[in-house]
file structure-v4.cif (mmCIF, C-alpha atoms (C1' of nucleotides))
data_entry
#
loop_
_atom_site.label_atom_id
_atom_site.label_comp_id
_atom_site.auth_asym_id
_atom_site.auth_seq_id
_atom_site.Cartn_x
_atom_site.Cartn_y
_atom_site.Cartn_z
CA MET A 3 -18.96 -21.22 -7.82
CA CYS A 4 -17.38 -20.54 -4.62
CA THR A 5 -20.21 -19.95 -2.27
CA LEU A 6 -18.04 -20.78 0.61
CA GLN A 7 -18.28 -17.68 2.69
CA ALA A 8 -17.11 -19.66 5.63
CA LEU A 9 -13.82 -20.35 4.00
CA ASP A 10 -12.16 -17.18 5.14
CA THR A 11 -9.95 -18.93 7.62
CA THR A 12 -8.79 -21.86 5.61
CA GLU A 13 -5.51 -21.41 3.98
CA VAL A 14 -6.42 -21.91 0.43
CA ARG A 15 -9.47 -20.41 -1.07
CA ALA A 16 -7.80 -21.37 -4.23
CA SER A 17 -6.37 -18.33 -5.89
CA TYR A 18 -9.07 -18.34 -8.50
CA CYS A 19 -12.51 -18.57 -7.21
CA ALA A 20 -11.44 -15.53 -5.25
CA ALA A 21 -13.83 -15.80 -2.38
CA PRO A 22 -16.54 -13.23 -1.75
CA THR A 23 -15.36 -12.69 1.75
CA TYR A 24 -16.13 -9.07 2.35
CA GLN A 25 -15.29 -9.99 5.85
CA VAL A 26 -12.67 -9.06 8.35
CA ILE A 27 -9.61 -11.24 8.43
CA GLY A 28 -9.34 -13.26 11.61
CA ASP A 29 -6.50 -13.35 14.07
CA ASP A 30 -5.03 -16.57 12.78
CA GLU A 31 -5.08 -15.58 9.15
CA ALA A 32 -3.71 -12.13 9.97
CA GLN A 33 -0.82 -13.89 11.65
CA ARG A 34 -0.26 -16.03 8.60
CA LEU A 35 -0.35 -13.14 6.15
CA SER A 36 1.85 -10.90 8.26
CA LYS A 37 4.59 -13.54 8.24
CA VAL A 38 4.75 -13.43 4.46
CA PHE A 39 4.87 -9.65 4.37
CA LYS A 40 7.31 -9.45 7.23
CA ALA A 41 9.73 -11.63 5.32
CA LEU A 42 9.77 -8.90 2.68
CA GLY A 43 9.96 -6.11 5.21
CA ASP A 44 13.71 -5.87 4.82
CA PRO A 45 15.31 -4.37 1.70
CA THR A 46 18.02 -7.00 1.67
CA ARG A 47 15.48 -9.80 1.42
CA VAL A 48 13.62 -7.97 -1.32
CA ARG A 49 16.85 -7.78 -3.27
CA LEU A 50 17.67 -11.42 -2.58
CA LEU A 51 14.29 -12.55 -3.85
CA SER A 52 14.71 -10.36 -6.89
CA LEU A 53 18.16 -11.79 -7.50
CA ILE A 54 17.10 -15.42 -7.47
CA SER A 55 14.01 -14.56 -9.45
CA VAL A 56 15.87 -12.95 -12.30
CA SER A 57 18.26 -15.84 -12.57
CA ALA A 58 15.78 -18.59 -11.94
CA ASN A 59 17.31 -20.87 -14.53
CA THR A 60 20.92 -20.24 -13.72
CA GLU A 61 20.27 -21.21 -10.16
CA MET A 62 22.12 -19.35 -7.48
CA CYS A 63 23.82 -20.53 -4.36
CA VAL A 64 24.59 -18.52 -1.26
CA CYS A 65 28.11 -17.82 -2.42
CA ASP A 66 26.68 -16.06 -5.48
CA LEU A 67 24.41 -13.89 -3.39
CA THR A 68 26.78 -12.41 -0.85
CA ALA A 69 28.59 -10.11 -3.27
CA PRO A 70 25.50 -8.45 -4.83
CA VAL A 71 24.01 -7.54 -1.46
CA GLY A 72 27.35 -6.74 0.14
CA LEU A 73 26.77 -8.69 3.32
CA SER A 74 28.53 -11.56 5.06
CA GLN A 75 27.76 -15.19 4.28
CA PRO A 76 26.09 -15.93 7.63
CA THR A 77 23.87 -12.91 7.22
CA VAL A 78 22.79 -13.99 3.75
CA SER A 79 22.10 -17.50 5.03
CA HIS A 80 20.02 -15.99 7.77
CA HIS A 81 17.93 -13.96 5.34
CA MET A 82 17.47 -16.88 2.98
CA LYS A 83 16.21 -18.99 5.81
CA GLN A 84 13.54 -16.45 6.56
CA LEU A 85 12.48 -16.35 2.93
CA VAL A 86 12.27 -20.13 2.88
CA GLU A 87 10.26 -20.24 6.10
CA ALA A 88 7.85 -17.70 4.67
CA GLY A 89 7.40 -19.96 1.67
CA LEU A 90 8.65 -17.30 -0.72
CA VAL A 91 11.60 -19.39 -1.79
CA THR A 92 12.39 -23.08 -2.01
CA ARG A 93 15.74 -24.53 -1.12
CA GLU A 94 17.38 -27.49 -2.76
CA GLN A 95 20.64 -28.91 -1.56
CA ARG A 96 22.79 -30.38 -4.29
CA GLY A 97 26.22 -31.50 -3.30
CA ARG A 98 27.83 -28.86 -1.19
CA TRP A 99 25.70 -26.10 -2.65
CA ALA A 100 22.26 -24.85 -1.73
CA TYR A 101 20.20 -23.66 -4.66
CA TYR A 102 17.20 -21.43 -4.31
CA SER A 103 14.14 -20.96 -6.48
CA PRO A 104 11.46 -18.28 -6.18
CA ALA A 105 7.92 -19.18 -5.12
CA THR A 106 6.28 -15.81 -5.44
CA SER A 107 2.79 -17.24 -5.73
CA VAL A 108 2.75 -17.11 -1.96
CA LEU A 109 3.11 -13.35 -2.14
CA THR A 110 0.42 -12.83 -4.76
CA ALA A 111 -1.92 -15.08 -2.80
CA ALA A 112 -1.35 -13.09 0.37
CA THR A 113 -1.87 -9.83 -1.44
CA GLU A 114 -5.10 -11.06 -3.03
CA THR A 115 -6.42 -12.35 0.26
CA LEU A 116 -5.91 -8.96 1.83
CA THR A 117 -7.07 -6.80 -1.06
CA ASN A 118 -10.11 -8.94 -1.74
CA SER A 119 -11.48 -7.99 1.62
CA THR A 120 -11.80 -4.53 0.11
CA ARG A 121 -15.15 -3.97 -1.44
CA MET B 12 11.50 3.26 -23.61
CA CYS B 13 9.02 0.83 -22.35
CA THR B 14 8.82 -1.75 -25.02
CA LEU B 15 6.00 -3.13 -23.01
CA GLN B 16 5.80 -6.69 -23.93
CA ALA B 17 5.03 -7.33 -20.35
CA LEU B 18 2.13 -5.04 -19.79
CA ASP B 19 -0.09 -7.89 -18.81
CA THR B 20 0.42 -6.48 -15.38
CA THR B 21 -2.40 -3.97 -15.41
CA GLU B 22 -2.31 -0.38 -14.58
CA VAL B 23 0.54 0.05 -12.30
CA ARG B 24 4.22 0.10 -12.80
CA ALA B 25 3.12 2.90 -14.95
CA SER B 26 4.73 4.99 -12.26
CA TYR B 27 7.68 5.61 -14.44
CA CYS B 28 6.89 3.23 -17.22
CA ALA B 29 8.64 0.92 -14.84
CA ALA B 30 11.08 -1.04 -16.86
CA PRO B 31 10.19 -4.35 -18.47
CA THR B 32 12.63 -5.38 -15.84
CA TYR B 33 13.65 -8.90 -15.96
CA GLN B 34 16.30 -7.23 -13.96
CA VAL B 35 17.38 -7.13 -10.39
CA ILE B 36 15.68 -4.56 -8.23
CA GLY B 37 18.02 -1.79 -7.15
CA ASP B 38 18.83 -0.67 -3.65
CA ASP B 39 16.55 2.33 -3.72
CA GLU B 40 13.56 0.45 -5.04
CA ALA B 41 14.15 -2.44 -2.67
CA GLN B 42 14.01 0.09 0.13
CA ARG B 43 10.76 1.47 -1.20
CA LEU B 44 9.11 -1.90 -1.59
CA SER B 45 10.27 -3.20 1.76
CA LYS B 46 8.60 -0.28 3.50
CA VAL B 47 5.25 -1.28 2.08
CA PHE B 48 5.67 -4.91 3.06
CA LYS B 49 7.07 -4.03 6.45
CA ALA B 50 3.96 -2.04 7.22
CA LEU B 51 2.03 -5.28 6.81
CA GLY B 52 4.57 -7.31 8.73
CA ASP B 53 2.53 -7.10 11.89
CA PRO B 54 -0.70 -9.05 12.34
CA THR B 55 -2.37 -6.13 14.06
CA ARG B 56 -1.83 -3.90 11.05
CA VAL B 57 -3.11 -6.58 8.70
CA ARG B 58 -6.28 -6.75 10.75
CA LEU B 59 -6.58 -2.98 10.87
CA LEU B 60 -6.30 -2.71 7.11
CA SER B 61 -8.83 -5.48 6.73
CA LEU B 62 -11.17 -3.73 9.13
CA ILE B 63 -11.18 -0.41 7.35
CA SER B 64 -11.37 -2.18 4.01
CA VAL B 65 -14.47 -4.14 4.83
CA SER B 66 -16.26 -1.08 6.10
CA ALA B 67 -14.94 1.29 3.49
CA ASN B 68 -18.23 3.12 3.17
CA THR B 69 -19.16 3.25 6.81
CA GLU B 70 -15.91 4.98 7.60
CA MET B 71 -14.14 4.10 10.78
CA CYS B 72 -12.36 6.24 13.29
CA VAL B 73 -9.70 5.17 15.74
CA CYS B 74 -12.23 4.73 18.49
CA ASP B 75 -13.99 2.10 16.40
CA LEU B 76 -10.78 0.20 15.81
CA THR B 77 -9.44 -0.24 19.32
CA ALA B 78 -12.03 -2.75 20.43
CA PRO B 79 -11.72 -5.19 17.50
CA VAL B 80 -7.96 -5.47 17.83
CA GLY B 81 -7.99 -5.33 21.62
CA LEU B 82 -5.24 -2.75 21.98
CA SER B 83 -4.96 0.68 23.54
CA GLN B 84 -5.83 3.84 21.66
CA PRO B 85 -2.22 5.10 21.47
CA THR B 86 -1.11 1.78 20.06
CA VAL B 87 -3.80 1.80 17.39
CA SER B 88 -2.88 5.38 16.48
CA HIS B 89 0.72 4.28 16.17
CA HIS B 90 -0.15 1.44 13.82
CA MET B 91 -2.44 3.59 11.72
CA LYS B 92 0.31 6.13 11.31
CA GLN B 93 2.57 3.46 9.88
CA LEU B 94 -0.10 2.31 7.47
CA VAL B 95 -0.61 5.90 6.34
CA GLU B 96 3.12 6.48 5.91
CA ALA B 97 3.34 3.34 3.81
CA GLY B 98 0.60 4.71 1.61
CA LEU B 99 -1.67 1.76 2.35
CA VAL B 100 -4.28 3.95 3.97
CA THR B 101 -5.39 7.56 3.67
CA ARG B 102 -6.39 9.66 6.61
CA GLU B 103 -9.02 12.34 6.66
CA GLN B 104 -9.70 14.47 9.68
CA ARG B 105 -13.31 15.56 10.08
CA GLY B 106 -14.17 17.37 13.21
CA ARG B 107 -12.71 15.56 16.13
CA TRP B 108 -12.58 12.27 14.28
CA ALA B 109 -9.99 10.83 11.97
CA TYR B 110 -11.40 8.64 9.23
CA TYR B 111 -9.36 6.14 7.29
CA SER B 112 -9.77 4.70 3.81
CA PRO B 113 -7.89 1.79 2.25
CA ALA B 114 -5.46 2.38 -0.60
CA THR B 115 -4.46 -1.18 -1.34
CA SER B 116 -3.32 -0.42 -4.87
CA VAL B 117 0.01 0.39 -3.28
CA LEU B 118 0.25 -3.21 -2.13
CA THR B 119 -0.72 -4.75 -5.45
CA ALA B 120 1.76 -2.48 -7.19
CA ALA B 121 4.57 -3.52 -4.88
CA THR B 122 3.70 -7.17 -5.30
CA GLU B 123 3.63 -6.87 -9.08
CA THR B 124 6.91 -5.04 -9.19
CA LEU B 125 8.55 -7.80 -7.26
CA THR B 126 6.89 -10.76 -8.94
CA ASN B 127 7.42 -9.34 -12.40
CA SER B 128 11.12 -9.62 -11.95
CA THR B 129 10.46 -13.35 -12.07
CA ARG B 130 10.86 -14.76 -15.49
"C1'" DG C 12 -14.46 30.61 28.27
"C1'" DT C 13 -14.67 26.28 30.14
"C1'" DT C 14 -15.39 21.58 29.65
"C1'" DA C 15 -15.54 17.14 27.40
"C1'" DC C 16 -14.04 14.33 23.83
"C1'" DG C 17 -11.12 12.14 20.06
"C1'" DC C 18 -6.65 11.64 18.68
"C1'" DA C 19 -1.48 12.23 18.63
"C1'" DT C 20 2.87 12.46 20.93
"C1'" DC C 21 6.17 11.35 24.64
"C1'" DG C 22 8.84 8.45 27.73
"C1'" DA C 23 9.76 4.04 29.05
"C1'" DC C 24 10.37 -0.73 28.63
"C1'" DA C 25 10.69 -5.59 27.07
"C1'" DA C 26 11.09 -8.14 22.97
"C1'" DA C 27 12.44 -8.83 18.36
"C1'" DT C 28 15.67 -7.90 14.51
"C1'" DG C 29 19.93 -7.36 11.54
"C1'" DT C 30 24.61 -7.93 11.56
"C1'" DC C 31 29.14 -9.98 12.23
"C1'" DA C 32 33.10 -13.10 13.83
"C1'" DA C 33 33.81 -17.54 15.32
"C1'" DT C 34 32.67 -22.09 14.96
"C1'" DA C 35 30.28 -26.33 13.74
"C1'" DC C 36 28.35 -29.36 10.16
"C1'" DG C 37 28.33 -32.15 5.59
"C1'" DT C 38 29.88 -33.22 1.37
"C1'" DG C 39 33.24 -34.27 -2.18
"C1'" DG C 40 38.12 -34.78 -3.64
"C1'" DG C 41 42.92 -36.12 -2.71
"C1'" DC D 5 40.89 -40.95 6.02
"C1'" DC D 6 41.81 -36.25 5.98
"C1'" DC D 7 41.30 -31.90 4.08
"C1'" DA D 8 39.07 -28.17 1.66
"C1'" DC D 9 35.02 -25.97 0.69
"C1'" DG D 10 30.09 -24.29 0.95
"C1'" DT D 11 26.69 -23.56 4.22
"C1'" DA D 12 24.34 -23.32 8.78
"C1'" DT D 13 24.43 -22.28 13.68
"C1'" DT D 14 25.96 -19.82 17.80
"C1'" DG D 15 26.97 -15.88 20.70
"C1'" DA D 16 27.14 -11.18 21.07
"C1'" DC D 17 25.82 -6.60 20.14
"C1'" DA D 18 23.42 -2.30 18.73
"C1'" DT D 19 19.16 -0.93 16.74
"C1'" DT D 20 14.40 -1.24 15.90
"C1'" DT D 21 9.74 -2.42 17.22
"C1'" DG D 22 5.29 -3.07 19.79
"C1'" DT D 23 3.06 -1.74 23.71
"C1'" DC D 24 1.32 1.05 27.48
"C1'" DG D 25 0.30 5.06 30.75
"C1'" DA D 26 0.59 9.85 30.98
"C1'" DT D 27 0.16 13.98 28.79
"C1'" DG D 28 -0.58 17.42 25.10
"C1'" DC D 29 -3.42 19.35 21.26
"C1'" DG D 30 -7.69 20.61 18.60
"C1'" DT D 31 -12.36 20.71 18.05
"C1'" DA D 32 -17.08 20.92 19.41
"C1'" DA D 33 -20.69 21.60 22.96
"C1'" DC D 34 -22.40 24.04 26.82
#

call {"tool": "encode", "arguments": {"input": "structure-v4.cif", "output": "structure tokens"}}
result
Amino acid sequence: MCTLQALDTTEVRASYCAAPTYQVIGDDEAQRLSKVFKALGDPTRVRLLSLISVSANTEMCVCDLTAPVGLSQPTVSHHMKQLVEAGLVTREQRGRWAYYSPATSVLTAATETLTNSTR
Amino acid sequence: MCTLQALDTTEVRASYCAAPTYQVIGDDEAQRLSKVFKALGDPTRVRLLSLISVSANTEMCVCDLTAPVGLSQPTVSHHMKQLVEAGLVTREQRGRWAYYSPATSVLTAATETLTNSTR
DNA sequence: GTTACGCATCGACAAATGTCAATACGTGGG
DNA sequence: CCCACGTATTGACATTTGTCGATGCGTAAC
């Protein structure tokens, strides 16, 4: 049912059950959403997310990502860290390698939260 | 060609029959998408978009927006310009006032383009 | 025409960001 | 126990970004 009009600040509001919430987003939630979008505010990170998304089964490590984006290894590590911290990507260390998987539901959730405040 | 087995994604990416793309996003498109996300990479702009979205019928001018976000008028104008340039908002000048309307389809389109590259 | 008002632009400034070379850290193989 | 390798962190740098006060530009009211 989702009456729950007071749920606007809690993190979830559960994807489905897209809350009524024709209400302005608060400071805290704006902060939270902006972090997700900010992580994708750089073309390199958009490409990186796209790269690991396309090859989600053949998992990719950092060494596989540097060539496609044409940047140094430390720079790629730096960008990946930001994607991980934004929750857009998960990191799994196996042996010497770090494998990344996409978690784009975070993005769709953020987008829905923002667009659902549109009437 | 647009074989379109992936048209579950609603209206957009119609732009150019945007490829079924289980394919990496190119440099140019990454640039385009990142500009949209970057515009929402600041909590103030997220709140501004939310504000004008909630009151989409009772249109809002800049003078109505400064108080809720607690920033100066030049700063709000600056942020609104970025939202307009990202296509997330449309601006209409009427008399001395500038009225803004949300155009969040740009955001949903960008999100879908990126998430659809996930298999 | 002059005045008041809403908004945009400019100049300045501190803070954040993207990038790299150098280096440190951990893990696996010899 | 070292050594090689993949990755993360550090330090440094130029560029970008968010913010404000001051000022400029149109439009409406008198």

call {"tool": "atom_distance", "arguments": {"input": "structure-v4.cif", "atom1": "CA of Arg107 (chain B)", "atom2": "CA of Arg58 (chain B)"}}
result
23.8 Å

call {"tool": "interface_residues", "arguments": {"input": "structure-v4.cif", "of": "chain C", "to": "chain A", "cutoff": "10 Å", "atoms": "all atoms listed in the file", "output": "ChimeraX atom specification"}}
result
/C:29-32,37-39

call {"tool": "atom_distance", "arguments": {"input": "structure-v4.cif", "atom1": "CA of Cys65 (chain A)", "atom2": "C1' of DA35 (chain C)"}}
result
18.4 Å

call {"tool": "residues_near_point", "arguments": {"input": "structure-v4.cif", "point": "(-17.7, 16.2, 22.7)", "cutoff": "10 Å", "atoms": "all atoms listed in the file", "output": "PyMOL selection string"}}
result
(chain B and resi 107) or (chain C and resi 14-17) or (chain D and resi 31-33)

call {"tool": "interface_residues", "arguments": {"input": "structure-v4.cif", "of": "chain D", "to": "chain B", "cutoff": "10 Å", "atoms": "only C-alpha atoms (C1' of nucleotides)", "output": "count of residues only"}}
result
7

call {"tool": "residues_around", "arguments": {"input": "structure-v4.cif", "residues": "Pro45 (chain A)", "least_positions_apart": "2", "cutoff": "10 Å", "atoms": "only C-alpha atoms (C1' of nucleotides)", "output": "count of residues only"}}
result
22

call {"tool": "residues_around", "arguments": {"input": "structure-v4.cif", "residues": "Glu87 (chain A)", "least_positions_apart": "4", "cutoff": "9 Å", "atoms": "all atoms listed in the file", "output": "list in words"}}
result
Val38, Ala41, Met82, Lys83, Val91 and Thr92 of chain A

call {"tool": "axis_aligned_box", "arguments": {"input": "structure-v4.cif", "around": "region 51-70 of chain A", "padding_each_side": "4 Å", "output": "JSON"}}
result
{"center_x": 21.3, "center_y": -14.8, "center_z": -7.7, "size_x": 22.6, "size_y": 20.8, "size_z": 21.7}

call {"tool": "atom_distance", "arguments": {"input": "structure-v4.cif", "atom1": "C1' of DC6 (chain D)", "atom2": "CA of Val64 (chain A)"}}
result
25.8 Å

call {"tool": "closest_residue", "arguments": {"input": "structure-v4.cif", "among": "A:Ser52, A:Asn118, A:Thr68, A:Gln84", "to": "chain B", "atoms": "all atoms listed in the file"}}
result
A:Ser52

call {"tool": "resolve_selection", "arguments": {"input": "structure-v4.cif", "expression": "the PyMOL selection byres ((chain D and resi 7) around 9)", "output": "list in words"}}
result
DG40 and DG41 of chain C; DC6 and DA8 of chain D

call {"tool": "residues_near_point", "arguments": {"input": "structure-v4.cif", "point": "(11.0, -4.2, 16.9)", "cutoff": "9 Å", "atoms": "all atoms listed in the file", "output": "MDAnalysis selection string"}}
result
(chainID C and resid 26:28) or (chainID D and resid 19:22)

call {"tool": "write_last_selection", "arguments": {"input": "structure-v4.cif", "atoms": "C-alpha atoms (C1' of nucleotides)", "output": "JSON list (two decimals), keeping the file's coordinate frame"}}
result
[["chain", "number", "residue", "atom", "x", "y", "z"],
["C", 26, "DA", "C1'", 11.09, -8.14, 22.97],
["C", 27, "DA", "C1'", 12.44, -8.83, 18.36],
["C", 28, "DT", "C1'", 15.67, -7.90, 14.51],
["D", 19, "DT", "C1'", 19.16, -0.93, 16.74],
["D", 20, "DT", "C1'", 14.40, -1.24, 15.90],
["D", 21, "DT", "C1'", 9.74, -2.42, 17.22],
["D", 22, "DG", "C1'", 5.29, -3.07, 19.79]]

call {"tool": "closest_residue", "arguments": {"input": "structure-v4.cif", "among": "B:Val35, B:Met71, B:Ala109, B:Leu99", "to": "chain A", "atoms": "all atoms listed in the file"}}
result
B:Val35

call {"tool": "closest_residue", "arguments": {"input": "structure-v4.cif", "among": "B:Leu118, B:Asp75, B:Glu123, B:Tyr33", "to": "Ile54 (chain A)", "atoms": "all atoms listed in the file"}}
result
B:Tyr33

call {"tool": "closest_residue", "arguments": {"input": "structure-v4.cif", "among": "A:Ser79, A:Gln95, A:Ser103, A:Thr117", "to": "chain B", "atoms": "all atoms listed in the file"}}
result
A:Thr117

call {"tool": "resolve_selection", "arguments": {"input": "structure-v4.cif", "expression": "the PyMOL selection byres ((chain B and resi 117) around 9)", "output": "list in words"}}
result
Val47, Ala97, Gly98, Leu99, Ala114, Thr115, Ser116, Leu118, Thr119, Ala120, Ala121 and Thr122 of chain B

call {"tool": "closest_residue", "arguments": {"input": "structure-v4.cif", "among": "A:Gly72, A:Tyr101, A:Arg93, A:Cys63", "to": "chain B", "atoms": "all atoms listed in the file"}}
result
A:Gly72

call {"tool": "closest_residue", "arguments": {"input": "structure-v4.cif", "among": "B:Val65, B:Thr124, B:Ala78, B:Glu70", "to": "chain A", "atoms": "only C-alpha atoms"}}
result
B:Val65

call {"tool": "residues_around", "arguments": {"input": "structure-v4.cif", "residues": "DA26 (chain D)", "least_positions_apart": "4", "cutoff": "12 Å", "atoms": "only C-alpha atoms (C1' of nucleotides)", "output": "PyMOL selection string"}}
result
(chain B and resi 85) or (chain C and resi 20-23)

call {"tool": "build_atoms", "arguments": {"input": "structure-v4.cif", "residues": "region 31-40 of chain B", "atoms": "all heavy atoms", "output": "JSON list (two decimals), in the frame of the given file"}}
result
[["chain", "number", "residue", "atom", "x", "y", "z"],
["B", 31, "PRO", "N", 10.63, -2.99, -18.20],
["B", 31, "PRO", "CA", 10.19, -4.35, -18.47],
["B", 31, "PRO", "C", 10.88, -5.28, -17.49],
["B", 31, "PRO", "O", 10.48, -6.41, -17.32],
["B", 31, "PRO", "CB", 10.69, -4.64, -19.88],
["B", 31, "PRO", "CG", 10.95, -3.29, -20.47],
["B", 31, "PRO", "CD", 11.30, -2.39, -19.33],
["B", 32, "THR", "N", 11.88, -4.81, -16.92],
["B", 32, "THR", "CA", 12.63, -5.38, -15.84],
["B", 32, "THR", "C", 12.56, -6.86, -15.69],
["B", 32, "THR", "O", 11.86, -7.35, -14.86],
["B", 32, "THR", "CB", 12.24, -4.87, -14.47],
["B", 32, "THR", "OG1", 11.52, -5.78, -13.77],
["B", 32, "THR", "CG2", 11.65, -3.60, -14.42],
["B", 33, "TYR", "N", 13.24, -7.61, -16.45],
["B", 33, "TYR", "CA", 13.65, -8.90, -15.96],
["B", 33, "TYR", "C", 15.00, -8.65, -15.38],
["B", 33, "TYR", "O", 16.00, -9.21, -15.80],
["B", 33, "TYR", "CB", 13.68, -9.92, -17.08],
["B", 33, "TYR", "CG", 12.30, -10.38, -17.43],
["B", 33, "TYR", "CD1", 12.07, -11.11, -18.56],
["B", 33, "TYR", "CD2", 11.24, -10.09, -16.59],
["B", 33, "TYR", "CE1", 10.79, -11.54, -18.87],
["B", 33, "TYR", "CE2", 9.96, -10.51, -16.90],
["B", 33, "TYR", "CZ", 9.74, -11.23, -18.03],
["B", 33, "TYR", "OH", 8.48, -11.67, -18.32],
["B", 34, "GLN", "N", 15.03, -7.72, -14.45],
["B", 34, "GLN", "CA", 16.30, -7.23, -13.96],
["B", 34, "GLN", "C", 16.22, -7.08, -12.46],
["B", 34, "GLN", "O", 15.15, -6.88, -11.90],
["B", 34, "GLN", "CB", 16.58, -5.87, -14.59],
["B", 34, "GLN", "CG", 18.03, -5.53, -14.57],
["B", 34, "GLN", "CD", 18.39, -4.67, -15.77],
["B", 34, "GLN", "OE1", 17.51, -4.10, -16.40],
["B", 34, "GLN", "NE2", 19.67, -4.56, -16.06],
["B", 35, "VAL", "N", 17.35, -7.17, -11.84],
["B", 35, "VAL", "CA", 17.38, -7.13, -10.39],
["B", 35, "VAL", "C", 16.92, -5.76, -9.89],
["B", 35, "VAL", "O", 17.26, -4.74, -10.47],
["B", 35, "VAL", "CB", 18.80, -7.42, -9.88],
["B", 35, "VAL", "CG1", 18.83, -7.36, -8.37],
["B", 35, "VAL", "CG2", 19.26, -8.77, -10.37],
["B", 36, "ILE", "N", 16.16, -5.80, -8.84],
["B", 36, "ILE", "CA", 15.68, -4.56, -8.23],
["B", 36, "ILE", "C", 16.84, -3.86, -7.54],
["B", 36, "ILE", "O", 17.63, -4.50, -6.85],
["B", 36, "ILE", "CB", 14.55, -4.89, -7.23],
["B", 36, "ILE", "CG1", 13.30, -5.28, -8.01],
["B", 36, "ILE", "CG2", 14.29, -3.72, -6.32],
["B", 36, "ILE", "CD1", 12.17, -5.73, -7.13],
["B", 37, "GLY", "N", 16.91, -2.56, -7.71],
["B", 37, "GLY", "CA", 18.02, -1.79, -7.15],
["B", 37, "GLY", "C", 17.83, -1.50, -5.67],
["B", 37, "GLY", "O", 16.77, -1.76, -5.10],
["B", 38, "ASP", "N", 18.87, -0.96, -5.08],
["B", 38, "ASP", "CA", 18.83, -0.67, -3.65],
["B", 38, "ASP", "C", 17.68, 0.25, -3.28],
["B", 38, "ASP", "O", 16.94, 0.01, -2.34],
["B", 38, "ASP", "CB", 20.16, -0.02, -3.22],
["B", 38, "ASP", "CG", 21.28, -1.05, -3.15],
["B", 38, "ASP", "OD1", 20.98, -2.20, -2.80],
["B", 38, "ASP", "OD2", 22.42, -0.68, -3.43],
["B", 39, "ASP", "N", 17.56, 1.32, -4.04],
["B", 39, "ASP", "CA", 16.55, 2.33, -3.72],
["B", 39, "ASP", "C", 15.15, 1.76, -3.83],
["B", 39, "ASP", "O", 14.31, 1.99, -2.96],
["B", 39, "ASP", "CB", 16.73, 3.55, -4.63],
["B", 39, "ASP", "CG", 16.91, 3.12, -6.07],
["B", 39, "ASP", "OD1", 17.07, 1.90, -6.32],
["B", 39, "ASP", "OD2", 16.90, 3.99, -6.96],
["B", 40, "GLU", "N", 14.90, 1.01, -4.88],
["B", 40, "GLU", "CA", 13.56, 0.45, -5.04],
["B", 40, "GLU", "C", 13.29, -0.65, -4.02],
["B", 40, "GLU", "O", 12.17, -0.77, -3.53],
["B", 40, "GLU", "CB", 13.37, -0.09, -6.46],
["B", 40, "GLU", "CG", 11.92, -0.48, -6.74],
["B", 40, "GLU", "CD", 11.62, -0.53, -8.22],
["B", 40, "GLU", "OE1", 12.57, -0.61, -9.02],
["B", 40, "GLU", "OE2", 10.42, -0.46, -8.58]]
